[in-house]
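One structure below.
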Amino acid sequence: MPVPRPRVQLRLPYVVCATVLLLLAGYGSGAFRGPDGGAATRADGAAGVPGPPGAAASARPPRPAPPREIPGLGPLTRARIPDGARQAFVVTGESPDSNRSTAVLYTRDAPALGWQAALAPWPAHNALNGWTPEHYEGDLRSPVGVFSLTAAGGRLEPPATTFPYDLSPDFTASGDGFHGEPLEGSFDYVIAIDYNRLPGTSPLDHTRPLGDERGGGIWIHVDHGGPTQGCVSVTEDRMKQLLTVLDPAKEPVIVMGDAASLSA
């Protein structure tokens, strides 16, 4: 019968065993020796966040939203609005030859937030033949552009307003409009548009810095139910509201023109 082989106990050298024990002790305690013999610690990025070992990924703050712009205005038109203006009465014509338009008042009380509509859109009228970038006396077109609003006036006592207001019986309108509608009462309340005039003077002032041939007397006034000769008109209740809300301290402007021109 075969003779059983004696069992031989295998023993690792002492040095190998000691090395293994040291390594196991190092990993168990979370530390190990660096290549220079100094202690080094294991450090990982934040749990679930990719990043280099030893440094937690820094959270990026959300980018602030850009300031809101006035809808429908292109870069050239926006650039014409003074930086200090905090109110903009935007009158947008349906087309270059249309005498119907829409008016919206925008405010910019917090420049970082940009413009926001302060009042709902209003129907408005402009000149009989529409709009022009170069207005001349008698062309029956309203001038396209951005103009300051600095003075008001009218035949009737004004509502509460901070505008310089010229109360005068000379704000009279008579006769009929282009569609046969009576013009009486159209100038009961007006706000002068600073096109070819001296800002801050009465709407009745006839000074024309660009010359008489370039027209003048362009106002926002009470609507008489039809197109104007060059002005912008809104209903009487809207006119009163506008006089109440507009504040010269906020350097208000009117942005006016057909939609295609204003989008440039």
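Residue numbers start at 1 in each chain; chains themselves are named A, B, ... in the order of the structure tokens; ligands are numbered from 1 in the order shown.
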Identify, on the basis of only C-alpha atoms, every residue whose closest approach to Gly74 of chain A does not exceed 10 Å; exclude the query and any residue fewer than 4 positions from it along the same chain; express the result as a list in words.
->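 With the cut-off at 10 Å, the set is Glu69, Ile70, Arg78, Ala79, Ala259, Ala260, Ser261, Leu262, Ser263 and Ala264 of chain A.
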Quick one: everything within 6 Å of segment 220-234 of chain A, counting only C-alpha atoms, minus sequence neighbours fewer than 4 positions away in the same chain. Send it as a PyMOL selection string.
-> chain A and resi 99+124-128+140-142+183+186-187+189-191
Identify, with DSSP run on backbone atoms, the residues in segment 24-237 of chain A assigned to alpha helix (DSSP H), and express the list as a count of residues only.
-> 13
Would you please extract all strand (DSSP E) residues from segment 53-227 of chain A, as assigned by DSSP on the backbone, and give them as a PyMOL selection string?
-> chain A and resi 87-93+100-107+116-117+122-125+131-132+142-143+145-154+165-167+190-193+219-222
Output N, CA and C atoms of each residue in that selection to a file, as a compact mmCIF listing (two decimals), in the first residue's frame.
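part-v6.txt was written with the following content:
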# COMPACT_ATOMS: atom_id res chain seq x y z
N GLN A 87 -38.55 105.67 -18.69
CA GLN A 87 -39.90 105.49 -19.22
C GLN A 87 -39.82 105.64 -20.74
N ALA A 88 -40.47 104.73 -21.43
CA ALA A 88 -40.49 104.78 -22.90
C ALA A 88 -41.91 104.48 -23.37
N PHE A 89 -42.50 105.46 -24.06
CA PHE A 89 -43.83 105.28 -24.64
C PHE A 89 -43.62 104.84 -26.08
N VAL A 90 -43.86 103.58 -26.35
CA VAL A 90 -43.54 102.98 -27.64
C VAL A 90 -44.81 102.92 -28.51
N VAL A 91 -44.76 103.61 -29.64
CA VAL A 91 -45.89 103.66 -30.57
C VAL A 91 -45.45 102.96 -31.85
N THR A 92 -46.09 101.84 -32.15
CA THR A 92 -45.68 100.99 -33.27
C THR A 92 -46.78 100.98 -34.33
N GLY A 93 -46.45 101.46 -35.53
CA GLY A 93 -47.40 101.48 -36.63
C GLY A 93 -47.53 100.12 -37.28
N ARG A 100 -52.75 103.58 -38.42
CA ARG A 100 -53.16 102.94 -37.17
C ARG A 100 -51.93 102.34 -36.48
N SER A 101 -51.91 102.46 -35.16
CA SER A 101 -50.75 101.99 -34.42
C SER A 101 -51.18 101.50 -33.03
N THR A 102 -50.21 100.97 -32.31
CA THR A 102 -50.43 100.47 -30.95
C THR A 102 -49.41 101.13 -30.04
N ALA A 103 -49.86 101.58 -28.87
CA ALA A 103 -48.98 102.29 -27.93
C ALA A 103 -48.88 101.51 -26.62
N VAL A 104 -47.65 101.39 -26.11
CA VAL A 104 -47.39 100.70 -24.85
C VAL A 104 -46.38 101.51 -24.05
N LEU A 105 -46.62 101.70 -22.76
CA LEU A 105 -45.67 102.38 -21.89
C LEU A 105 -44.81 101.34 -21.19
N TYR A 106 -43.49 101.49 -21.33
CA TYR A 106 -42.53 100.61 -20.65
C TYR A 106 -41.75 101.42 -19.62
N THR A 107 -41.38 100.75 -18.53
CA THR A 107 -40.59 101.40 -17.49
C THR A 107 -39.32 100.57 -17.23
N GLN A 116 -40.00 96.70 -18.62
CA GLN A 116 -41.23 95.92 -18.47
C GLN A 116 -42.42 96.81 -18.79
N ALA A 117 -43.46 96.20 -19.32
CA ALA A 117 -44.66 96.94 -19.69
C ALA A 117 -45.37 97.41 -18.42
N TRP A 122 -52.47 100.16 -26.00
CA TRP A 122 -53.58 101.04 -26.37
C TRP A 122 -53.64 101.18 -27.88
N PRO A 123 -54.83 101.27 -28.45
CA PRO A 123 -54.92 101.65 -29.87
C PRO A 123 -54.60 103.13 -30.02
N ALA A 124 -54.00 103.48 -31.13
CA ALA A 124 -53.61 104.87 -31.38
C ALA A 124 -53.70 105.16 -32.87
N HIS A 125 -53.69 106.46 -33.18
CA HIS A 125 -53.60 106.91 -34.58
C HIS A 125 -52.29 107.65 -34.78
N TRP A 131 -45.66 106.76 -41.95
CA TRP A 131 -44.43 107.12 -41.25
C TRP A 131 -43.32 107.52 -42.22
N THR A 132 -42.36 108.26 -41.72
CA THR A 132 -41.19 108.62 -42.53
C THR A 132 -39.99 108.86 -41.63
N SER A 142 -45.90 110.79 -39.96
CA SER A 142 -45.31 111.00 -38.64
C SER A 142 -43.82 110.66 -38.67
N PRO A 143 -43.00 111.43 -37.95
CA PRO A 143 -41.56 111.15 -37.96
C PRO A 143 -41.21 109.88 -37.19
N GLY A 145 -38.57 107.79 -34.98
CA GLY A 145 -37.41 108.08 -34.16
C GLY A 145 -37.68 107.93 -32.68
N VAL A 146 -36.68 108.35 -31.89
CA VAL A 146 -36.77 108.38 -30.43
C VAL A 146 -36.64 109.84 -30.00
N PHE A 147 -37.66 110.36 -29.32
CA PHE A 147 -37.69 111.77 -28.97
C PHE A 147 -38.04 111.91 -27.48
N SER A 148 -37.47 112.92 -26.86
CA SER A 148 -37.76 113.16 -25.44
C SER A 148 -39.15 113.79 -25.29
N LEU A 149 -39.69 113.68 -24.08
CA LEU A 149 -40.97 114.28 -23.71
C LEU A 149 -40.71 115.16 -22.50
N THR A 150 -40.85 116.47 -22.68
CA THR A 150 -40.43 117.39 -21.61
C THR A 150 -41.47 118.43 -21.23
N ALA A 151 -42.58 118.53 -21.94
CA ALA A 151 -43.56 119.57 -21.62
C ALA A 151 -44.95 119.14 -22.09
N ALA A 152 -45.95 119.70 -21.45
CA ALA A 152 -47.34 119.38 -21.77
C ALA A 152 -48.17 120.65 -21.73
N GLY A 153 -49.42 120.52 -22.10
CA GLY A 153 -50.31 121.67 -22.09
C GLY A 153 -51.70 121.24 -22.50
N GLY A 154 -52.58 122.22 -22.60
CA GLY A 154 -53.93 121.89 -23.03
C GLY A 154 -54.91 122.99 -22.70
N TYR A 165 -46.94 122.32 -17.37
CA TYR A 165 -48.21 122.26 -18.11
C TYR A 165 -48.67 123.69 -18.44
N ASP A 166 -48.82 123.94 -19.74
CA ASP A 166 -49.26 125.25 -20.21
C ASP A 166 -50.76 125.20 -20.43
N LEU A 167 -51.51 125.75 -19.47
CA LEU A 167 -52.97 125.81 -19.60
C LEU A 167 -53.32 127.07 -20.39
N VAL A 190 -52.36 117.76 -24.27
CA VAL A 190 -51.31 117.40 -25.23
C VAL A 190 -49.99 117.23 -24.47
N ILE A 191 -49.13 116.42 -25.03
CA ILE A 191 -47.73 116.30 -24.59
C ILE A 191 -46.87 116.54 -25.82
N ALA A 192 -45.98 117.50 -25.73
CA ALA A 192 -45.14 117.84 -26.89
C ALA A 192 -44.09 116.76 -27.12
N ILE A 193 -43.95 116.34 -28.36
CA ILE A 193 -42.88 115.43 -28.77
C ILE A 193 -41.71 116.29 -29.24
N TRP A 219 -47.29 116.33 -31.57
CA TRP A 219 -47.73 116.11 -30.20
C TRP A 219 -48.33 114.71 -30.03
N ILE A 220 -48.48 114.34 -28.77
CA ILE A 220 -49.42 113.29 -28.37
C ILE A 220 -50.66 114.04 -27.91
N HIS A 221 -51.81 113.73 -28.48
CA HIS A 221 -53.01 114.48 -28.10
C HIS A 221 -54.23 113.55 -28.09
N VAL A 222 -55.36 114.13 -27.78
CA VAL A 222 -56.61 113.37 -27.66
C VAL A 222 -57.05 112.90 -29.05
Straight-line distance linking atom CA of Gly211 of chain A with atom CA of Gly185 of chain A, stated in Å to one decimal |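 These two atoms are separated by 28.7 Å.
Distances from A:Pro82, A:Pro67, A:Asp205, A:Glu137 to Ala112 of chain A were compared using only C-alpha atoms, and the smallest one belongs to A:Pro67.
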One decimal place gives the atom CA of Phe163 of chain A-atom CA of Gly200 of chain A separation as 9.4 Å
Calculate how many Å separate atom CA of Gly215 of chain A from atom CA of Pro121 of chain A, rounding to one decimal.
->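 Value for the atom CA of Gly215 of chain A-atom CA of Pro121 of chain A distance: 28.3 Å.
The residue set within 8 Å of Lys250 of chain A, counting only C-alpha atoms and dropping same-chain residues fewer than 2 places from it, reads A:Gly84, A:Ala85, A:Arg86, A:Gln87, A:Leu246, A:Asp247, A:Pro248, A:Pro252.
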Produce a file of the selected residues containing C-alpha atoms, as a short mmCIF file (atom, residue, chain, number, x, y, z; two decimals), in the first residue's frame.
data_model
loop_
_atom_site.label_atom_id
_atom_site.label_comp_id
_atom_site.auth_asym_id
_atom_site.auth_seq_id
_atom_site.Cartn_x
_atom_site.Cartn_y
_atom_site.Cartn_z
CA GLY A 84 -30.93 107.69 -18.25
CA ALA A 85 -34.42 107.14 -19.68
CA ARG A 86 -36.60 105.06 -17.36
CA GLN A 87 -39.90 105.49 -19.22
CA LEU A 246 -45.17 110.03 -17.04
CA ASP A 247 -42.54 111.63 -14.81
CA PRO A 248 -40.01 114.16 -16.17
CA PRO A 252 -39.34 109.81 -20.56
#
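Taking only C-alpha atoms into account, Val245 of chain A lies nearest to A:Leu119 out of the set A:Arg60, A:Pro66, A:Leu119, A:Ser98.
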